[in-house]
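Take a look at the structure below.
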Amino acid sequence: MHRLCLLLTLTLFAAPAVAAPEWRQSREVEVLLSNLDIEPETIRLRAGEPVRFRFINNSTISHSFSSGDFFRKAEFRTRDADAVRDGSIQIGPGDEREVLMVPAPGRYSAHCSNLFHRIMGMRATILVE
Ligand SMILES: [Cu+2]
């Protein structure tokens with residue numbers, strides 16, 4: 001019995017852990033926020049593949065990239081988990097923010113959280129296949 005316990009313990013420790021994402025091999029995806037547009041309009045990603053998002057705001061006013069479901073389902077690099085608040089990333093004028101994540105499959109809509117900006121065209125679609 002003792003031996004069996006030892007064997008089980010060894011087996012448990014030897015079992016491969018769930019692999020952490022290879023953040024260094026993340027594909028870089030640039031998202032440009034301007035007045036009043038989000039580029040690209042359709043962001044295509046591969047499910048389970050780590051992505052290095054660079055959100056660039058090249059305008060003189062604040063914008064956000066909001067996509068509640070997309071961010072909720074994604075797995076973030078630990079230090080980036082706080083970048084998203086209420087499903088949204090704020091990017092100040094002339095600023096850029098980098099966020100690493102592994103997206104979950106699905107079709108998501110994204111937009112600037114400013115309603116006027118959104119109506120004027122700050123919308124995008126994220127396709128994760
Ligand atoms: Cu905006």
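We label chains A, B, ... in the order they appear in the structure tokens, count residues from 1 in each chain, and number ligands from 1 in the order shown.
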List as a tab-separated table every residue of chain A that is in contact with ligand 1, defined as an atom at most 6 Å from one of its atoms (using only C-alpha atoms and all ligand atoms), together with the nearest atom pair and the distance in Å rounded to one decimal, sorted by chain and then rising number.
```
residue	atom	partner	partner_atom_place_in_ligand_line	distance
A:His63	CA	ligand 1	1 (Cu)	3.6
A:Ser64	CA	ligand 1	1 (Cu)	5.7
A:Cys112	CA	ligand 1	1 (Cu)	4.7
A:Asn114	CA	ligand 1	1 (Cu)	5.2
A:His117	CA	ligand 1	1 (Cu)	4.8
```
List every residue of region 7-119 of chain A that DSSP, applied to the backbone of this structure, places in strand (DSSP E or B), and write the result as JSON, numbers by chain.
-> {"A": [27, 28, 29, 30, 31, 32, 33, 34, 37, 38, 39, 42, 43, 44, 45, 51, 52, 53, 54, 55, 56, 57, 63, 64, 65, 66, 75, 76, 85, 88, 89, 90, 91, 96, 97, 98, 99, 100, 101, 102, 106, 107, 108, 109, 110, 111]}
Can those selected residues be exported to a file as a CSV table (one decimal), in the first residue's frame so that it contains C-alpha atoms?
```
chain,number,residue,atom,x,y,z
A,27,ARG,CA,2.1,37.2,-33.1
A,28,GLU,CA,1.9,41.0,-33.0
A,29,VAL,CA,-1.4,42.6,-34.0
A,30,GLU,CA,-1.5,46.4,-34.3
A,31,VAL,CA,-4.8,48.2,-33.8
A,32,LEU,CA,-4.9,51.8,-34.7
A,33,LEU,CA,-7.4,54.1,-33.0
A,34,SER,CA,-7.9,57.4,-34.8
A,37,ASP,CA,-11.9,54.9,-36.9
A,38,ILE,CA,-10.6,51.6,-35.7
A,39,GLU,CA,-8.1,49.8,-38.1
A,42,THR,CA,-11.8,43.1,-39.0
A,43,ILE,CA,-9.2,41.6,-36.8
A,44,ARG,CA,-8.6,37.9,-37.6
A,45,LEU,CA,-6.9,35.8,-34.9
A,51,VAL,CA,-1.3,37.5,-29.5
A,52,ARG,CA,0.7,40.7,-28.6
A,53,PHE,CA,-1.9,43.4,-29.1
A,54,ARG,CA,-0.6,46.9,-29.7
A,55,PHE,CA,-3.3,49.5,-29.3
A,56,ILE,CA,-2.1,52.7,-30.8
A,57,ASN,CA,-4.0,56.0,-30.4
A,63,HIS,CA,-10.3,56.4,-27.0
A,64,SER,CA,-10.9,52.9,-25.9
A,65,PHE,CA,-11.1,49.5,-27.3
A,66,SER,CA,-14.1,47.8,-25.8
A,75,GLU,CA,-6.4,34.3,-21.2
A,76,PHE,CA,-4.1,37.2,-20.3
A,85,ARG,CA,-11.4,47.3,-17.0
A,88,SER,CA,-12.4,48.0,-22.1
A,89,ILE,CA,-8.8,49.2,-22.6
A,90,GLN,CA,-8.3,53.0,-22.4
A,91,ILE,CA,-5.7,54.5,-24.6
A,96,GLU,CA,-0.1,53.0,-27.0
A,97,ARG,CA,-0.7,50.0,-24.8
A,98,GLU,CA,0.5,46.5,-25.2
A,99,VAL,CA,-1.5,43.5,-24.0
A,100,LEU,CA,-0.6,39.8,-24.4
A,101,MET,CA,-3.4,37.3,-24.5
A,102,VAL,CA,-4.6,34.0,-25.9
A,106,GLY,CA,-15.7,33.3,-31.5
A,107,ARG,CA,-17.0,36.3,-33.3
A,108,TYR,CA,-16.9,39.5,-31.3
A,109,SER,CA,-17.8,43.1,-31.8
A,110,ALA,CA,-15.5,45.9,-30.6
A,111,HIS,CA,-16.0,49.6,-30.4
```
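Secondary structure by DSSP on the backbone puts the following residues of chain A in alpha helix (DSSP H): His2, Arg3, Leu4, Cys5, Leu6, Leu7, Leu8, Thr9, Leu10, Thr11, Leu12, Phe13, Ala14, Gly68, Asp69, Phe70, Phe71, Arg72, Lys73, Leu115, Phe116, His117, Arg118 and Ile119 of chain A.
For the residues A:Asp95, A:Asp80, A:Glu41, A:Glu129, ranking by smallest atom-to-atom distance to Asn58 (chain A) using only C-alpha atoms places A:Asp95 first.
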Close residues, Arg46 (chain A) itself excluded, 9 Å, only C-alpha atoms, min 6 positions apart in chain, as number ranges by chain = A: 102-105, 127-129
Figure out the distance between CA of Ser26 (chain A) and CA of Ala81 (chain A), please, to one decimal in Å.
-> 16.3 Å
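Atom pair CA of Ala20 (chain A) / CA of Phe71 (chain A) has a distance of 18.3 Å (rounded to one decimal).
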